[in-house]
Every structure is written in C-alpha cells, then in structure tokens.
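Everything below concerns the one structure shown next.
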Amino acid sequence: MKSSVLSMTLALVAGAAFAAAVPAEKTISLTIADYAGNGYYRYCPTVFVDGEGVRHAFYCHNRDKNVTVDYIYHATVDAAGNLSNEVVALSPCDTTGTGWDSYHVCDPSVIDGAFFYNGHTYKYLMAYLGVKGKAGDNSSDGAKCINNKVGFAVSDNLDSGWVRMGTDAVVVTTTPANWGVGQPSI
C-alpha cells in the first residue's frame, strides 16, 4: 500500500467560515502522515495553543505495528507543523473488553480551563470517542466499528495522567448496531 501525506491548515476558531479573519499567528499547517505502508497510521488531529504559545496536537494513532487499535497521542507542533515529543496520552481503558472504551479511543478534542471532578480542579478537559471490545476479537463492536460513544477525561498534564470522568460514556447512540456517535468538538 502506498503511503500518503495529508496536510491541512487549522484555524483555531469554531468554523472554517471564520478562517479568513484569523490572524496568521493563530493558524498552523499540520502535516499528518499516513503510515499504512509500514503498518502505522495517524488521523483526526486537533490542535490548541496554550497560554505560553506552545502548540499541542492530539490525534489517533495505532501503537503497535499492523494492529488497528486506536490510542490518543499528544505531541507538540513546531512552526513548520512538525510533531515532536510524541507520547500516548490516553489508552483504551482495559484489556478485558468490558469497558465502554476498551477497544479504541480516538477523535480527541482538548481544551484548557478549570474542570472540577472528584474533589480536584483539573487544568485540561478531553472529549473523545470510545468503543468497547477486546483486541483480536473480530466480533466486538470495536472490530466492527459500531456503537461508538463519547466520554470525557481530565488531567493536569497533557502527556499523561488523564482521568476518565465516570465509568460510562456521556453520549451514546440509540442504534448500537450502527456507527454510533463520535468526533466530539469542545
């Protein structure tokens, strides 16, 4: 399979119609490579600029070569759109296949602010898509790409320490035999 490169310009506003009005310092060009040719992939990026001007990208990425299980990765983005300091920010919740997000976690959307949960105020909030299943079980919802749901996680660190908010998804589908819900935007 031939590898391809997807390059996109993201305006840090709600809607492409406003992109022309966004100052150049608020837009970036982010290059996400499709590594299907060598067993890896990245897709569905979201980017925000923190209070110190550092650009952060979150995106879906398989951790293991030739294994189609999504993890949410975090990386910083330089002025040219190159990713660095790439780490797994959020993994599927367990290996037993029992959690609502045990097969895939993907389609992240991250914001900063003050988010109170379980007696602690966190700095970051992530909305993300999850789906249930056990890796290698081709009959699971995750393997079939059905019954996707949306949940939230909070953290004080963009790289790690993401705490799932509750044990259930917050947005679910009424037709679990179909694709479901996903690609949240906050």
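Chain lettering (A, B, ...) mirrors the order of the structure tokens, residue numbering begins at 1 for each chain separately, and ligand numbering begins at 1 in order of display.
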So that I can check the surroundings of Val154 (chain A), please list as a list in words every protein, DNA and RNA residue that reaches within 7 Å of it, counting only C-alpha atoms and ignoring chain neighbours fewer than 3 positions away.
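Non-adjacent residues within range: Tyr122, Tyr124, Leu125, Met126, Trp162, Val163 and Arg164 of chain A.
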Alpha helix (DSSP H) residues, from DSSP on the backbone, in chain A, as JSON, numbers by chain:
{"A": [141, 142, 143, 144]}
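Residues lying within 10 Å of Thr98 (chain A), counting only C-alpha atoms and ignoring same-chain neighbours fewer than 4 positions away, are Cys93, Asp94, Ser102, Tyr103, Lys132, Gly133 and Lys134 of chain A.
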Name all residues at most 8 Å from region 88-91 of chain A (count only C-alpha atoms; drop same-chain ones fewer than 5 positions away) and give them as a VMD selection string.
chain A and resid 70 to 74 104 to 105 158 to 162
Residues from the last selection, N, CA, C and O atoms, saved as a PDB file, in the first residue's frame:
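Result file part-v5.pdb:
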```pdb
ATOM      1  N   ASP A  70      -6.890   2.069  18.106  1.00  0.00           N
ATOM      2  CA  ASP A  70      -6.565   3.484  18.258  1.00  0.00           C
ATOM      3  C   ASP A  70      -6.199   3.846  19.687  1.00  0.00           C
ATOM      4  O   ASP A  70      -6.853   3.413  20.643  1.00  0.00           O
ATOM      5  N   TYR A  71      -5.190   4.686  19.793  1.00  0.00           N
ATOM      6  CA  TYR A  71      -4.773   5.339  21.030  1.00  0.00           C
ATOM      7  C   TYR A  71      -4.799   6.832  20.749  1.00  0.00           C
ATOM      8  O   TYR A  71      -4.680   7.249  19.596  1.00  0.00           O
ATOM      9  N   ILE A  72      -4.907   7.641  21.792  1.00  0.00           N
ATOM     10  CA  ILE A  72      -4.820   9.088  21.617  1.00  0.00           C
ATOM     11  C   ILE A  72      -3.407   9.511  21.985  1.00  0.00           C
ATOM     12  O   ILE A  72      -2.935   9.257  23.097  1.00  0.00           O
ATOM     13  N   TYR A  73      -2.745  10.133  21.013  1.00  0.00           N
ATOM     14  CA  TYR A  73      -1.384  10.623  21.199  1.00  0.00           C
ATOM     15  C   TYR A  73      -1.382  12.133  21.368  1.00  0.00           C
ATOM     16  O   TYR A  73      -2.271  12.831  20.869  1.00  0.00           O
ATOM     17  N   HIS A  74      -0.356  12.631  22.055  1.00  0.00           N
ATOM     18  CA  HIS A  74      -0.116  14.062  22.204  1.00  0.00           C
ATOM     19  C   HIS A  74       1.291  14.354  21.711  1.00  0.00           C
ATOM     20  O   HIS A  74       2.218  13.584  21.939  1.00  0.00           O
ATOM     21  N   HIS A 104     -11.055   0.996  21.275  1.00  0.00           N
ATOM     22  CA  HIS A 104     -10.474   2.193  20.642  1.00  0.00           C
ATOM     23  C   HIS A 104     -10.742   3.411  21.510  1.00  0.00           C
ATOM     24  O   HIS A 104     -11.815   3.522  22.095  1.00  0.00           O
ATOM     25  N   VAL A 105      -9.794   4.336  21.542  1.00  0.00           N
ATOM     26  CA  VAL A 105     -10.027   5.711  21.984  1.00  0.00           C
ATOM     27  C   VAL A 105      -9.464   6.591  20.876  1.00  0.00           C
ATOM     28  O   VAL A 105      -8.350   6.370  20.405  1.00  0.00           O
ATOM     29  N   LEU A 158      -0.735  17.351  29.944  1.00  0.00           N
ATOM     30  CA  LEU A 158      -1.186  16.975  28.607  1.00  0.00           C
ATOM     31  C   LEU A 158      -0.658  15.612  28.162  1.00  0.00           C
ATOM     32  O   LEU A 158      -1.303  14.922  27.374  1.00  0.00           O
ATOM     33  N   ASP A 159       0.501  15.214  28.651  1.00  0.00           N
ATOM     34  CA  ASP A 159       1.124  13.957  28.228  1.00  0.00           C
ATOM     35  C   ASP A 159       0.552  12.723  28.900  1.00  0.00           C
ATOM     36  O   ASP A 159       0.584  11.633  28.332  1.00  0.00           O
ATOM     37  N   SER A 160       0.092  12.867  30.123  1.00  0.00           N
ATOM     38  CA  SER A 160      -0.309  11.669  30.871  1.00  0.00           C
ATOM     39  C   SER A 160      -1.237  12.067  32.021  1.00  0.00           C
ATOM     40  O   SER A 160      -1.530  13.233  32.219  1.00  0.00           O
ATOM     41  N   GLY A 161      -1.644  11.063  32.764  1.00  0.00           N
ATOM     42  CA  GLY A 161      -2.464  11.323  33.943  1.00  0.00           C
ATOM     43  C   GLY A 161      -3.911  11.644  33.637  1.00  0.00           C
ATOM     44  O   GLY A 161      -4.605  12.221  34.474  1.00  0.00           O
ATOM     45  N   TRP A 162      -4.399  11.269  32.457  1.00  0.00           N
ATOM     46  CA  TRP A 162      -5.792  11.540  32.100  1.00  0.00           C
ATOM     47  C   TRP A 162      -6.702  10.630  32.922  1.00  0.00           C
ATOM     48  O   TRP A 162      -6.543   9.414  32.947  1.00  0.00           O
TER      49      TRP A 162
END
```
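The two atoms in question, CA of Met165 (chain A) and CA of Leu129 (chain A), are spaced 13.3 Å apart.
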I need the residues of region 47-169 of chain A that end up classed as strand (DSSP E or B) by DSSP on the backbone, written out as a PyMOL selection string.
chain A and resi 47-49+55-62+70-77+83-90+104-117+120-131+148-155+163-164
Contacts of region 54-58 of chain A within 7 Å, only C-alpha atoms, excl. fewer than 3 positions in-chain, as a PDB file with N, CA and C atoms, in the first residue's frame:
```pdb
ATOM      1  N   PRO A  45      -6.595  14.896  13.747  1.00  0.00           N
ATOM      2  CA  PRO A  45      -5.887  15.783  14.675  1.00  0.00           C
ATOM      3  C   PRO A  45      -6.769  16.918  15.198  1.00  0.00           C
ATOM      4  N   THR A  46      -6.457  17.352  16.394  1.00  0.00           N
ATOM      5  CA  THR A  46      -6.999  18.576  16.966  1.00  0.00           C
ATOM      6  C   THR A  46      -5.822  19.327  17.571  1.00  0.00           C
ATOM      7  N   VAL A  47      -5.826  20.638  17.463  1.00  0.00           N
ATOM      8  CA  VAL A  47      -4.684  21.443  17.899  1.00  0.00           C
ATOM      9  C   VAL A  47      -5.170  22.604  18.747  1.00  0.00           C
ATOM     10  N   PHE A  48      -4.421  22.914  19.805  1.00  0.00           N
ATOM     11  CA  PHE A  48      -4.682  24.160  20.522  1.00  0.00           C
ATOM     12  C   PHE A  48      -3.355  24.766  20.950  1.00  0.00           C
ATOM     13  N   VAL A  49      -3.386  26.066  21.218  1.00  0.00           N
ATOM     14  CA  VAL A  49      -2.207  26.814  21.654  1.00  0.00           C
ATOM     15  C   VAL A  49      -2.397  27.123  23.126  1.00  0.00           C
ATOM     16  N   ASP A  50      -1.412  26.748  23.959  1.00  0.00           N
ATOM     17  CA  ASP A  50      -1.552  27.014  25.388  1.00  0.00           C
ATOM     18  C   ASP A  50      -1.193  28.467  25.698  1.00  0.00           C
ATOM     19  N   ILE A  72      -4.907   7.641  21.792  1.00  0.00           N
ATOM     20  CA  ILE A  72      -4.820   9.088  21.617  1.00  0.00           C
ATOM     21  C   ILE A  72      -3.407   9.511  21.985  1.00  0.00           C
ATOM     22  N   TYR A  73      -2.745  10.133  21.013  1.00  0.00           N
ATOM     23  CA  TYR A  73      -1.384  10.623  21.199  1.00  0.00           C
ATOM     24  C   TYR A  73      -1.382  12.133  21.368  1.00  0.00           C
ATOM     25  N   HIS A  74      -0.356  12.631  22.055  1.00  0.00           N
ATOM     26  CA  HIS A  74      -0.116  14.062  22.204  1.00  0.00           C
ATOM     27  C   HIS A  74       1.291  14.354  21.711  1.00  0.00           C
ATOM     28  N   ALA A  75       1.452  15.475  21.023  1.00  0.00           N
ATOM     29  CA  ALA A  75       2.775  15.939  20.598  1.00  0.00           C
ATOM     30  C   ALA A  75       2.748  17.455  20.546  1.00  0.00           C
ATOM     31  N   THR A  76       3.909  18.059  20.642  1.00  0.00           N
ATOM     32  CA  THR A  76       3.994  19.497  20.397  1.00  0.00           C
ATOM     33  C   THR A  76       4.244  19.694  18.904  1.00  0.00           C
ATOM     34  N   VAL A  77       3.896  20.875  18.418  1.00  0.00           N
ATOM     35  CA  VAL A  77       3.966  21.166  16.997  1.00  0.00           C
ATOM     36  C   VAL A  77       4.828  22.404  16.792  1.00  0.00           C
ATOM     37  N   PRO A 108      -9.954  12.944  19.548  1.00  0.00           N
ATOM     38  CA  PRO A 108      -9.895  13.802  20.727  1.00  0.00           C
ATOM     39  C   PRO A 108     -10.199  15.267  20.415  1.00  0.00           C
TER      40      PRO A 108
END
```
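CA of Tyr117 (chain A) sits 22.9 Å away from CA of Val131 (chain A).
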Can you tell me how far CA of Asn66 (chain A) sits from CA of Tyr40 (chain A), in Å to one decimal?
6.5 Å
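With only C-alpha atoms as the atoms that count, the minimum distance from Val172 (chain A) to the choices A:Gly130, A:Gly136, A:Gly97, A:Gly39 is reached by A:Gly130.
Each of A:Ala153, A:Tyr59, A:Ala79, A:Ser139 was compared to Asn118 (chain A) using only C-alpha atoms, and A:Ala153 turns out to be the nearest.
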Show me, as a VMD selection string, the residues that have an atom within 12 Å of Thr175 (chain A) when counting only C-alpha atoms, minus same-chain residues fewer than 3 positions from it.
chain A and resid 146 to 149 172 178 to 181
